[in-house]
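Participant: Here it is, the structure in full.
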Amino acid sequence: MTALAPHPDRLFPIEPIERDLARRLHASVAQAPIYSPHGHIDAAMLADDAPFPDPAALLITPDHYVLRMLHAVGVPLDELGVARAGATARPSGRSIWRRLCEHWDDFLGTPVRYWFETELNEVFGLTEQPSAANADELYDQLAETLARDEFRPRALIERFRIAVLATTDDPADDLAAHHALRDDPTFGASVIPTFRADRYMHPDEPAWGGKLDQLSARSGIDCSTYRGLLDALRSRRQAFIAAGGTATDNGVLDAGSEPLDASDAERLHREALLGPLTAAEATAYRRNMLYQLAAMSSEDGLVMQLHPGVIRNHHRPTFDAYGPDTGHDLPDVGSFTRPLTPILRDFGTNPTFRLVLFTVDETTFSREIAPLAGFYPSVYAGAPWWFLDTPAAILRYRQAVTDSAGFTKTSGFIDDTRAFCSIPARHDMSRRVDAAYLSSLVATHQLSEEDAFTIAQRLVSDIPRATFRLP
Amino acid sequence: MTALAPHPDRLFPIEPIERDLARRLHASVAQAPIYSPHGHIDAAMLADDAPFPDPAALLITPDHYVLRMLHAVGVPLDELGVARAGATARPSGRSIWRRLCEHWDDFLGTPVRYWFETELNEVFGLTEQPSAANADELYDQLAETLARDEFRPRALIERFRIAVLATTDDPADDLAAHHALRDDPTFGASVIPTFRADRYMHPDEPAWGGKLDQLSARSGIDCSTYRGLLDALRSRRQAFIAAGGTATDNGVLDAGSEPLDASDAERLHREALLGPLTAAEATAYRRNMLYQLAAMSSEDGLVMQLHPGVIRNHHRPTFDAYGPDTGHDLPDVGSFTRPLTPILRDFGTNPTFRLVLFTVDETTFSREIAPLAGFYPSVYAGAPWWFLDTPAAILRYRQAVTDSAGFTKTSGFIDDTRAFCSIPARHDMSRRVDAAYLSSLVATHQLSEEDAFTIAQRLVSDIPRATFRLP
Amino acid sequence: MTALAPHPDRLFPIEPIERDLARRLHASVAQAPIYSPHGHIDAAMLADDAPFPDPAALLITPDHYVLRMLHAVGVPLDELGVARAGATARPSGRSIWRRLCEHWDDFLGTPVRYWFETELNEVFGLTEQPSAANADELYDQLAETLARDEFRPRALIERFRIAVLATTDDPADDLAAHHALRDDPTFGASVIPTFRADRYMHPDEPAWGGKLDQLSARSGIDCSTYRGLLDALRSRRQAFIAAGGTATDNGVLDAGSEPLDASDAERLHREALLGPLTAAEATAYRRNMLYQLAAMSSEDGLVMQLHPGVIRNHHRPTFDAYGPDTGHDLPDVGSFTRPLTPILRDFGTNPTFRLVLFTVDETTFSREIAPLAGFYPSVYAGAPWWFLDTPAAILRYRQAVTDSAGFTKTSGFIDDTRAFCSIPARHDMSRRVDAAYLSSLVATHQLSEEDAFTIAQRLVSDIPRATFRLP
């Protein structure tokens, strides 16, 4: 047996004086409440507060970070509980967990192992590293733990000190869970919706027409015209605002934002309802819609988050068999400065407008995102995302963006996770890396110790709250 | 009050033995004369030697590094003294200075703060960090200082130990200030012009025709033909050489350099005088002109500097209201190896030809610039520029280019600044980072201590002098 | 005289505790056998076991790493022994060696100097740094050494502890040298061929038709049809497998892999035999061939290595005068995720298929290669290559790929060299950098010391053996 005991000094710099300062900086924010302005937790999970299912269904099957790495070392997705189209049998949670344990050492050096170690130890109390030998024993221990009342979602959100949790929601969502949580005087955290209109931007997707129907039904506004769709979206944004929402999100293939004439947009909308658009038309429709969403943000003040540059479902056979979010979304070459020209030309200096830019191509940090955030008052440099949400990449982010954007024009950490129980580990990781970075600036006399403590505090509180206009 | 006291060990490595060596390496070059082979100081300022105007007009309004960051945190350009088209009132220097002081902490961790701290303390003797509370007091102190004789330009250039200062000048410039300085036996520094023909390369710019007229007048050669333009440029290059010039500069959108047949170039020139070219024609005209300028350099030996890849005036409304150089020029994706093929094919191994490549896209350092400098005898890897002219990015530059280009094929530091009083702080920053880098190579036994001292010395003297063929 | 004495702690981290661990990690693998799964040593050199020619012909003339840097500082290729077309005289080995010694300090800080120092000291026993002053003396010492029996190729391969050495071979090669070595009971190392079919992929190259004839003759299969060519390649792959081969290699301009219909491919093949294809047709032919080679690998299990993204022979006049491999191949912008879609769609999860991706554009490490290796079981992140095969870049590679690919999905080091005597120095360099990286993970508590030792061992043994299916 090998001990599972995350070191209190993990991720801190090595030189003793620098480490000591990092330790103190981290300690000053380690217990601060968590603001989580972007993620994928289901509000209904918190509203229902049902016990979590088995450990594998909580920790492995829904987490594409874990899936992709196990798949990469040869474990078929079936064996991880991902349902193959038409499949009837699902492996037991115990056998899924065994696969993870057998491949535990393939995760060495990766952030997935890092998060798991912290989470398994600090949340679930495990004290042994998983292995093929102890897999069953650990599984039993986890299953027993999850059955306890203090491991239900609401007890955990309190234990995790989560002050604000933003979910991601479709405009047609009724937000019932958000309202239920808001109206519950026994529930302390703010769980707020994020308006994600992606599925209305892609008339080339089979689901598009059905989504329009749903939105028409929810909003009471006929979406069979483009103007109707825009009105319905505006109306639902107000509903999101009423439910506490402060932001929108867009996951688009690229940041193109060229507006169309109203009549051209109307025509494309009409044609798309009748039959397939060409690829160029679908792209024009999407880019215009991104522009229109920016226009809406510049009116209603919902903070616009942009997550472009991911090639979805790269391996078609896996998509056909298992569906989306199964580990083969991959980074594309990123681009912001040119494609965002129309949005920034028209709204970039509007004080109501705010745009937070995220990337999976780290070359854009120093070349595009930080310079944009370093001129446009509306633009903020979003925290490292997805493939870059790691100790090493977060440090590179700070080194790349601080020159042009300082700290004030960065977004603060976002966890962007479906893995509820990893939230504290992820925020703590970010706080440790920021402490390490600040301490390196102090040790090289680029920052005073006093200023470092102030910034450490701002990064976990004022900065995310201001950036995302959080309660 | 917080002390403004730049630490003598700033930017040095943290480990004690490594730091000690960096300290000694820096000390060995800290007092060395400054060679500034590329910048934007006005020679007339030195020729006239008038006292500087108020502190804001010296330190803030003309410096787009400062403007962009203050703008990014919400300060309108009007409030920083940038004249809006049609505006009559200009804020007082004092109120501009207050804006900077109020936002002083938004600069934490940025090179702008770093330079300001060194400059305000070491040049102007301030000992308190600016803040909203002491803004007026510091303003008075600065204004009083600037009124003293020892703060006139000529006194400062001597105090700064600037041996050579290259300015940037239009081919139609009469270079009177350069001649006056050269003929003045009481003036010690070499102030030399740099031939920047950008405005003759863009027939799509409204000013182009007028520039041709100016150049015709100055050179006595009719520029209404393309051949005449080339002859006039050649003639003015000789005038620049006579005034001590050793280099040219080009700030172009891209490094494309495809030559045209003489008859095609002549035709485009003629058509451009009659009316607008198409975008493709204007691009072809520009790229051919870049090639022709390289051909001239391969004949007269003026060192060709190339600064491509900046998208100028990204925010059109700001440009319309305030004009260029107001903080919204932004980096483009960089490219050198393919677009420079024609120039390098024809002049790349010509001993007279020399080409110094600069970039704002740091991915090109290890992928393009260093490999080009690592084969072509004519090519030198230019120092980090503009957005990359920072402690962190300079270190990344050394780490990225040394493998393929060593030290010999790098350019030495250039300050590229309009901010005269920041020149010593910028060169000192570069010397510190180089000391840190060299000391890390020694500490990891990749370089001997003796060689490190030799290189440190070469980097501030032999290397820039040889690269730019300086006096 | 300056001592040539590579420090035992070179490339290790600076902080004492971290350095001590790196030292121990390195010591644990320093004597481990060398697996060299990709390189350019000639098997006939080992089969013949003739003494090496003069020092310059061994160390300088054939090594384009050395050529390019000496050329960059002004030494014409003629003076380095590279034969100019039509030239009759070749400079003496002694005069070539002098050029290197005169420019020895231009290599300071570069990996070429690093390798040379280790090789000259540890292989050849030199104890003085080369210089213009001692050039002749060192030359004599080297020449005398090379004449000794223990410096013949076979003695050296044993001394270097090379267990497996993969060469790079044309499909039409008879592999006689490989067979001779395999059949020789006195020869211990495995020298195995690598199937490199590049010259059959480019119908636009003048040599293409002649290559088809050679392949027809060698395979006994008529290559005048496309189907015949594929059959001949399949047949030769079996011959390579019979000779111990485990892998193929492709050095292509880009990773495009779009398959053609059999009839279209056949038509292009036929047309190419009759006259030149258009550039688009030649590209389509090449990309389809890459796809077909992947299909073959997915059947016969030869590991597919892909080395795309090098612009060959950038300086046309040098190519015309001196031919290829003379130092002016240059990195292109890299791309994998999109161009490899067809291959990965059809073979990416096939357990027989394996694809090792190499790049000279390091932006692709974190953006493309590691994410691909982090999902596809077939894909491995190849070690840094060519311009990136340096201490600094290898460390950046680990920092960039470990997040998504861990260690298991990396290839292990490849030396890719023509410089036989530099093989131990190159592998040792890699082991040192990996020790430094692992020790930094331990020092920041991201990895246990025990795991670090296990990984260090795996990186030099299990990982390359498994990746390349080595004996």
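Naming works like this for the structure tokens: A, B, ... for the chains as they're shown, residue 1 at the start of each chain, ligands 1 onward in shown order.
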Residues of chain A within 6 Å of chain B, using only C-alpha atoms, as a list in words?

Facilitator: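 That gives the following set of residues: Arg345, Arg367, Gly374, Phe375, Tyr376, Pro377, Asp403, Gly406, Thr408, Thr444 and His445 of chain A.
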
Participant: The selected residues should be written to file as a compact mmCIF listing (two decimals), in the first residue's frame (atoms: N, CA and C atoms).

Facilitator:
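Printed below is again28.txt as written:
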# COMPACT_ATOMS: atom_id res chain seq x y z
N ARG A 345 -15.65 46.58 -32.44
CA ARG A 345 -15.87 47.89 -33.07
C ARG A 345 -17.15 48.54 -32.52
N ARG A 367 -0.49 36.73 -27.45
CA ARG A 367 -0.61 37.37 -28.76
C ARG A 367 -1.96 38.06 -28.96
N GLY A 374 -5.90 44.37 -22.73
CA GLY A 374 -5.05 45.50 -22.36
C GLY A 374 -5.40 46.79 -23.09
N PHE A 375 -6.43 46.77 -23.90
CA PHE A 375 -6.93 48.01 -24.48
C PHE A 375 -8.43 48.17 -24.25
N TYR A 376 -9.20 47.15 -24.61
CA TYR A 376 -10.66 47.28 -24.54
C TYR A 376 -11.14 47.19 -23.08
N PRO A 377 -11.83 48.18 -22.60
CA PRO A 377 -12.33 48.07 -21.23
C PRO A 377 -13.32 46.92 -21.05
N ASP A 403 1.78 40.70 -18.42
CA ASP A 403 2.46 41.82 -19.06
C ASP A 403 1.49 42.82 -19.67
N GLY A 406 -2.18 42.80 -16.79
CA GLY A 406 -2.10 42.90 -15.34
C GLY A 406 -2.93 41.80 -14.68
N THR A 408 -5.92 42.92 -12.95
CA THR A 408 -7.26 43.49 -12.96
C THR A 408 -8.09 43.02 -14.14
N THR A 444 11.61 38.16 -6.92
CA THR A 444 12.42 38.87 -7.91
C THR A 444 12.17 40.37 -7.86
N HIS A 445 11.55 40.81 -6.76
CA HIS A 445 11.39 42.24 -6.50
C HIS A 445 10.62 42.96 -7.59

Participant: Identify, with DSSP run on backbone atoms, the residues in segment 295-365 of chain C assigned to helix (DSSP H, G or I), and express the list as a list in words.

Facilitator: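 Result set for segment 295-365 of chain C (helix (DSSP H, G or I)): Ala295, Met296, Ser297, Ser298, Glu299, Asp300, Arg316, Pro317, Thr318, Phe319, Asp320, Ala321, Tyr322, Thr341, Pro342, Ile343, Leu344, Arg345, Asp346, Phe347, Thr363, Thr364 and Phe365 of chain C.
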
Participant: Now that the selection is made, can you save its residues with N, CA, C and O atoms as a PDB file, in the first residue's frame?

Facilitator:
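Saved to selection_38.pdb:
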ATOM      1  N   ALA C 295      -3.219   2.634 -43.521  1.00  0.00           N
ATOM      2  CA  ALA C 295      -4.019   1.413 -43.651  1.00  0.00           C
ATOM      3  C   ALA C 295      -3.124   0.181 -43.569  1.00  0.00           C
ATOM      4  O   ALA C 295      -3.467  -0.811 -42.911  1.00  0.00           O
ATOM      5  N   MET C 296      -1.971   0.261 -44.217  1.00  0.00           N
ATOM      6  CA  MET C 296      -1.047  -0.883 -44.151  1.00  0.00           C
ATOM      7  C   MET C 296      -0.561  -1.105 -42.719  1.00  0.00           C
ATOM      8  O   MET C 296      -0.492  -2.244 -42.242  1.00  0.00           O
ATOM      9  N   SER C 297      -0.227  -0.005 -42.014  1.00  0.00           N
ATOM     10  CA  SER C 297       0.217  -0.150 -40.623  1.00  0.00           C
ATOM     11  C   SER C 297      -0.880  -0.754 -39.754  1.00  0.00           C
ATOM     12  O   SER C 297      -0.590  -1.491 -38.810  1.00  0.00           O
ATOM     13  N   SER C 298      -2.103  -0.449 -40.072  1.00  0.00           N
ATOM     14  CA  SER C 298      -3.183  -1.001 -39.252  1.00  0.00           C
ATOM     15  C   SER C 298      -3.387  -2.485 -39.549  1.00  0.00           C
ATOM     16  O   SER C 298      -4.072  -3.177 -38.814  1.00  0.00           O
ATOM     17  N   GLU C 299      -2.747  -2.958 -40.612  1.00  0.00           N
ATOM     18  CA  GLU C 299      -2.810  -4.398 -40.887  1.00  0.00           C
ATOM     19  C   GLU C 299      -1.569  -5.147 -40.424  1.00  0.00           C
ATOM     20  O   GLU C 299      -1.677  -6.205 -39.803  1.00  0.00           O
ATOM     21  N   ASP C 300      -0.387  -4.574 -40.743  1.00  0.00           N
ATOM     22  CA  ASP C 300       0.827  -5.335 -40.415  1.00  0.00           C
ATOM     23  C   ASP C 300       1.479  -4.898 -39.111  1.00  0.00           C
ATOM     24  O   ASP C 300       2.452  -5.507 -38.674  1.00  0.00           O
ATOM     25  N   ARG C 316      17.091  28.304 -52.453  1.00  0.00           N
ATOM     26  CA  ARG C 316      17.239  27.627 -53.725  1.00  0.00           C
ATOM     27  C   ARG C 316      18.667  27.657 -54.271  1.00  0.00           C
ATOM     28  O   ARG C 316      19.175  26.637 -54.755  1.00  0.00           O
ATOM     29  N   PRO C 317      19.360  28.805 -54.200  1.00  0.00           N
ATOM     30  CA  PRO C 317      20.734  28.808 -54.736  1.00  0.00           C
ATOM     31  C   PRO C 317      21.658  27.825 -53.998  1.00  0.00           C
ATOM     32  O   PRO C 317      22.521  27.204 -54.622  1.00  0.00           O
ATOM     33  N   THR C 318      21.472  27.673 -52.698  1.00  0.00           N
ATOM     34  CA  THR C 318      22.300  26.703 -51.975  1.00  0.00           C
ATOM     35  C   THR C 318      21.957  25.284 -52.412  1.00  0.00           C
ATOM     36  O   THR C 318      22.841  24.435 -52.590  1.00  0.00           O
ATOM     37  N   PHE C 319      20.665  25.027 -52.592  1.00  0.00           N
ATOM     38  CA  PHE C 319      20.267  23.703 -53.074  1.00  0.00           C
ATOM     39  C   PHE C 319      20.863  23.420 -54.459  1.00  0.00           C
ATOM     40  O   PHE C 319      21.403  22.343 -54.709  1.00  0.00           O
ATOM     41  N   ASP C 320      20.786  24.407 -55.327  1.00  0.00           N
ATOM     42  CA  ASP C 320      21.324  24.207 -56.674  1.00  0.00           C
ATOM     43  C   ASP C 320      22.826  23.942 -56.634  1.00  0.00           C
ATOM     44  O   ASP C 320      23.342  23.140 -57.407  1.00  0.00           O
ATOM     45  N   ALA C 321      23.504  24.606 -55.738  1.00  0.00           N
ATOM     46  CA  ALA C 321      24.958  24.463 -55.701  1.00  0.00           C
ATOM     47  C   ALA C 321      25.410  23.243 -54.906  1.00  0.00           C
ATOM     48  O   ALA C 321      26.391  22.596 -55.260  1.00  0.00           O
ATOM     49  N   TYR C 322      24.695  22.950 -53.809  1.00  0.00           N
ATOM     50  CA  TYR C 322      25.224  21.938 -52.875  1.00  0.00           C
ATOM     51  C   TYR C 322      24.288  20.758 -52.643  1.00  0.00           C
ATOM     52  O   TYR C 322      24.652  19.808 -51.965  1.00  0.00           O
ATOM     53  N   THR C 341      -7.572  13.755 -39.521  1.00  0.00           N
ATOM     54  CA  THR C 341      -8.931  13.244 -39.288  1.00  0.00           C
ATOM     55  C   THR C 341      -9.228  11.938 -40.034  1.00  0.00           C
ATOM     56  O   THR C 341      -9.725  10.984 -39.422  1.00  0.00           O
ATOM     57  N   PRO C 342      -8.933  11.832 -41.341  1.00  0.00           N
ATOM     58  CA  PRO C 342      -9.297  10.568 -42.019  1.00  0.00           C
ATOM     59  C   PRO C 342      -8.578   9.350 -41.447  1.00  0.00           C
ATOM     60  O   PRO C 342      -9.197   8.305 -41.216  1.00  0.00           O
ATOM     61  N   ILE C 343      -7.291   9.476 -41.228  1.00  0.00           N
ATOM     62  CA  ILE C 343      -6.541   8.330 -40.689  1.00  0.00           C
ATOM     63  C   ILE C 343      -7.080   7.943 -39.317  1.00  0.00           C
ATOM     64  O   ILE C 343      -7.298   6.756 -39.022  1.00  0.00           O
ATOM     65  N   LEU C 344      -7.309   8.929 -38.486  1.00  0.00           N
ATOM     66  CA  LEU C 344      -7.738   8.609 -37.121  1.00  0.00           C
ATOM     67  C   LEU C 344      -9.184   8.120 -37.090  1.00  0.00           C
ATOM     68  O   LEU C 344      -9.533   7.282 -36.252  1.00  0.00           O
ATOM     69  N   ARG C 345     -10.001   8.646 -37.974  1.00  0.00           N
ATOM     70  CA  ARG C 345     -11.376   8.152 -38.060  1.00  0.00           C
ATOM     71  C   ARG C 345     -11.385   6.656 -38.359  1.00  0.00           C
ATOM     72  O   ARG C 345     -12.135   5.894 -37.743  1.00  0.00           O
ATOM     73  N   ASP C 346     -10.513   6.222 -39.273  1.00  0.00           N
ATOM     74  CA  ASP C 346     -10.595   4.840 -39.738  1.00  0.00           C
ATOM     75  C   ASP C 346      -9.707   3.870 -38.977  1.00  0.00           C
ATOM     76  O   ASP C 346     -10.001   2.679 -38.929  1.00  0.00           O
ATOM     77  N   PHE C 347      -8.608   4.379 -38.395  1.00  0.00           N
ATOM     78  CA  PHE C 347      -7.679   3.454 -37.740  1.00  0.00           C
ATOM     79  C   PHE C 347      -7.356   3.843 -36.296  1.00  0.00           C
ATOM     80  O   PHE C 347      -6.647   3.118 -35.601  1.00  0.00           O
ATOM     81  N   THR C 363       4.240  24.817 -30.729  1.00  0.00           N
ATOM     82  CA  THR C 363       2.882  25.191 -30.320  1.00  0.00           C
ATOM     83  C   THR C 363       1.928  23.999 -30.434  1.00  0.00           C
ATOM     84  O   THR C 363       0.868  23.996 -29.825  1.00  0.00           O
ATOM     85  N   THR C 364       2.289  23.005 -31.239  1.00  0.00           N
ATOM     86  CA  THR C 364       1.387  21.859 -31.405  1.00  0.00           C
ATOM     87  C   THR C 364       1.479  20.864 -30.247  1.00  0.00           C
ATOM     88  O   THR C 364       0.627  19.984 -30.156  1.00  0.00           O
ATOM     89  N   PHE C 365       2.476  20.988 -29.389  1.00  0.00           N
ATOM     90  CA  PHE C 365       2.596  20.014 -28.295  1.00  0.00           C
ATOM     91  C   PHE C 365       1.366  20.041 -27.391  1.00  0.00           C
ATOM     92  O   PHE C 365       0.740  19.018 -27.166  1.00  0.00           O
TER      93      PHE C 365
END

Participant: From a DSSP pass on the backbone, collect the residues of segment 128-288 of chain C flagged as strand (DSSP E) and hand them back as a PyMOL selection string.

Facilitator: chain C and resi 162-166+190-192+194-196+247-250

Participant: Would you output that residue set with C-alpha atoms, as a PDB file, in the first residue's frame?

Facilitator:
ATOM      1  CA  ILE C 162      23.324   0.560 -27.897  1.00  0.00           C
ATOM      2  CA  ALA C 163      20.859  -2.315 -27.619  1.00  0.00           C
ATOM      3  CA  VAL C 164      18.670  -1.447 -30.587  1.00  0.00           C
ATOM      4  CA  LEU C 165      19.482   0.887 -33.432  1.00  0.00           C
ATOM      5  CA  ALA C 166      16.845   1.595 -36.058  1.00  0.00           C
ATOM      6  CA  SER C 190      19.880  -5.230 -32.980  1.00  0.00           C
ATOM      7  CA  VAL C 191      20.180  -3.024 -36.053  1.00  0.00           C
ATOM      8  CA  ILE C 192      16.757  -2.881 -37.622  1.00  0.00           C
ATOM      9  CA  THR C 194      12.742   1.497 -40.845  1.00  0.00           C
ATOM     10  CA  PHE C 195      10.517   1.612 -43.884  1.00  0.00           C
ATOM     11  CA  ARG C 196      10.561   5.093 -45.374  1.00  0.00           C
ATOM     12  CA  ALA C 247       8.308   0.831 -37.820  1.00  0.00           C
ATOM     13  CA  THR C 248       7.883   3.095 -40.799  1.00  0.00           C
ATOM     14  CA  ASP C 249       8.633   6.784 -41.158  1.00  0.00           C
ATOM     15  CA  ASN C 250       7.260   9.613 -43.228  1.00  0.00           C
TER      16      ASN C 250
END

Participant: Quick one: residues within 10 Å of Arg432 of chain C, only C-alpha atoms counted, chain neighbours fewer than 3 positions away excluded, as a list in words?

Facilitator: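 Selected residues are Asp9, Arg10, Leu11, Phe12, Pro13, Ala22, Arg23, Leu25, His26, Ala27, Val29, Ala30, Pro391, Arg426, His427, Asp428, Met429, Ala435, Ala436, Tyr437, Leu438 and Ala456 of chain C.
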
Participant: Which neighbours of Arg234 of chain C fall inside 10 Å, counting only C-alpha atoms, when residues of the same chain fewer than 3 positions from it are skipped, and could you give them as a compact mmCIF listing (two decimals) with N, CA, C and O atoms, in the first residue's frame?

Facilitator:
# COMPACT_ATOMS: atom_id res chain seq x y z
N PRO C 171 12.29 1.53 -49.34
CA PRO C 171 11.66 0.22 -49.59
C PRO C 171 12.40 -0.63 -50.62
O PRO C 171 12.31 -1.86 -50.57
N SER C 219 10.93 -5.74 -55.77
CA SER C 219 9.80 -6.50 -55.25
C SER C 219 9.31 -7.56 -56.22
O SER C 219 8.57 -8.47 -55.82
N GLY C 228 -0.34 -1.86 -58.21
CA GLY C 228 0.94 -2.56 -58.16
C GLY C 228 1.88 -1.91 -57.15
O GLY C 228 2.55 -2.60 -56.38
N LEU C 229 1.91 -0.59 -57.16
CA LEU C 229 2.76 0.11 -56.20
C LEU C 229 2.38 -0.26 -54.77
O LEU C 229 3.24 -0.57 -53.93
N LEU C 230 1.08 -0.24 -54.47
CA LEU C 230 0.65 -0.60 -53.11
C LEU C 230 1.05 -2.04 -52.79
O LEU C 230 1.54 -2.32 -51.68
N ASP C 231 0.86 -2.93 -53.75
CA ASP C 231 1.24 -4.32 -53.49
C ASP C 231 2.75 -4.45 -53.24
O ASP C 231 3.18 -5.20 -52.36
N ARG C 237 7.28 -4.21 -47.07
CA ARG C 237 7.07 -4.09 -45.62
C ARG C 237 7.29 -5.44 -44.95
O ARG C 237 7.88 -5.52 -43.88
N GLN C 238 6.80 -6.51 -45.61
CA GLN C 238 7.02 -7.84 -45.04
C GLN C 238 8.51 -8.17 -45.00
O GLN C 238 8.99 -8.78 -44.05
N ALA C 239 9.22 -7.73 -46.05
CA ALA C 239 10.67 -7.97 -46.06
C ALA C 239 11.36 -7.19 -44.93
O ALA C 239 12.29 -7.69 -44.29
N PHE C 240 10.88 -5.99 -44.69
CA PHE C 240 11.43 -5.20 -43.58
C PHE C 240 11.12 -5.89 -42.24
O PHE C 240 11.96 -5.94 -41.35
N LEU C 293 -0.67 4.21 -46.39
CA LEU C 293 0.39 3.68 -45.53
C LEU C 293 -0.14 3.46 -44.11
O LEU C 293 0.25 2.50 -43.44
N MET C 296 -1.97 0.26 -44.22
CA MET C 296 -1.05 -0.88 -44.15
C MET C 296 -0.56 -1.11 -42.72
O MET C 296 -0.49 -2.24 -42.24
N SER C 297 -0.23 -0.01 -42.01
CA SER C 297 0.22 -0.15 -40.62
C SER C 297 -0.88 -0.75 -39.75
O SER C 297 -0.59 -1.49 -38.81
N GLU C 299 -2.75 -2.96 -40.61
CA GLU C 299 -2.81 -4.40 -40.89
C GLU C 299 -1.57 -5.15 -40.42
O GLU C 299 -1.68 -6.20 -39.80
N ASP C 300 -0.39 -4.57 -40.74
CA ASP C 300 0.83 -5.33 -40.41
C ASP C 300 1.48 -4.90 -39.11
O ASP C 300 2.45 -5.51 -38.67

Participant: Just want the 10 Å neighbourhood of segment 264-276 of chain A, counted on only C-alpha atoms, with same-chain residues fewer than 4 positions away dropped. Output as a list in words.

Facilitator: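 Residues meeting the cut-off are His202, Pro203, Asp204, Glu205, Pro206, Trp208, Gly209, Leu212, Cys223, Ser224, Thr225, Tyr226, Arg227, Gly228, Leu229, Pro259, Leu260, Glu281, Ala282, Ala284, Tyr285, Arg286, Asn288 and Met289 of chain A.
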
Participant: What is the distance between atom CA of Asp416 of chain C and atom CA of Ala383 of chain C, in Å to one decimal?

Facilitator: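 For atom CA of Asp416 of chain C relative to atom CA of Ala383 of chain C, the distance reads 10.2 Å.
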
Participant: Neighbouring residues of Leu459 of chain C were defined as those with any atom within 9 Å, considering only C-alpha atoms; residues of the same chain fewer than 3 positions away were excluded. Please report them as a list in words.

Facilitator: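 Listing them by chain and then by number gives Phe407, Thr408, Thr410, Ser411, Gly412, Phe413, Arg431, Asp434, Thr454, Ile455, Ala456, Asp462, Ile463 and Pro464 of chain C.
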
Participant: Take the residues from that selection and write them out as a compact mmCIF listing (two decimals), in the first residue's frame, keeping C-alpha atoms.

Facilitator:
# COMPACT_ATOMS: atom_id res chain seq x y z
CA PHE C 407 4.31 9.76 -19.55
CA THR C 408 2.76 6.55 -20.87
CA THR C 410 5.01 9.72 -24.95
CA SER C 411 7.49 8.01 -27.24
CA GLY C 412 10.72 8.06 -25.29
CA PHE C 413 13.74 9.83 -26.69
CA ARG C 431 18.05 11.46 -19.45
CA ASP C 434 13.95 14.06 -17.74
CA THR C 454 9.97 4.17 -11.75
CA ILE C 455 9.20 6.68 -14.50
CA ALA C 456 12.86 7.51 -15.12
CA ASP C 462 9.74 0.09 -21.36
CA ILE C 463 8.31 3.20 -22.99
CA PRO C 464 10.46 3.30 -26.14

Participant: Quick one, how far is atom CA of Gly188 of chain B from atom CA of Pro33 of chain B?

Facilitator: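 So the two atoms, atom CA of Gly188 of chain B and atom CA of Pro33 of chain B, lie 12.0 Å apart.
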
Participant: One number please: atom CA of Met1 of chain C to atom CA of Ile60 of chain C, in Å, one decimal.

Facilitator: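 One can read the atom CA of Met1 of chain C to atom CA of Ile60 of chain C distance as 22.5 Å.
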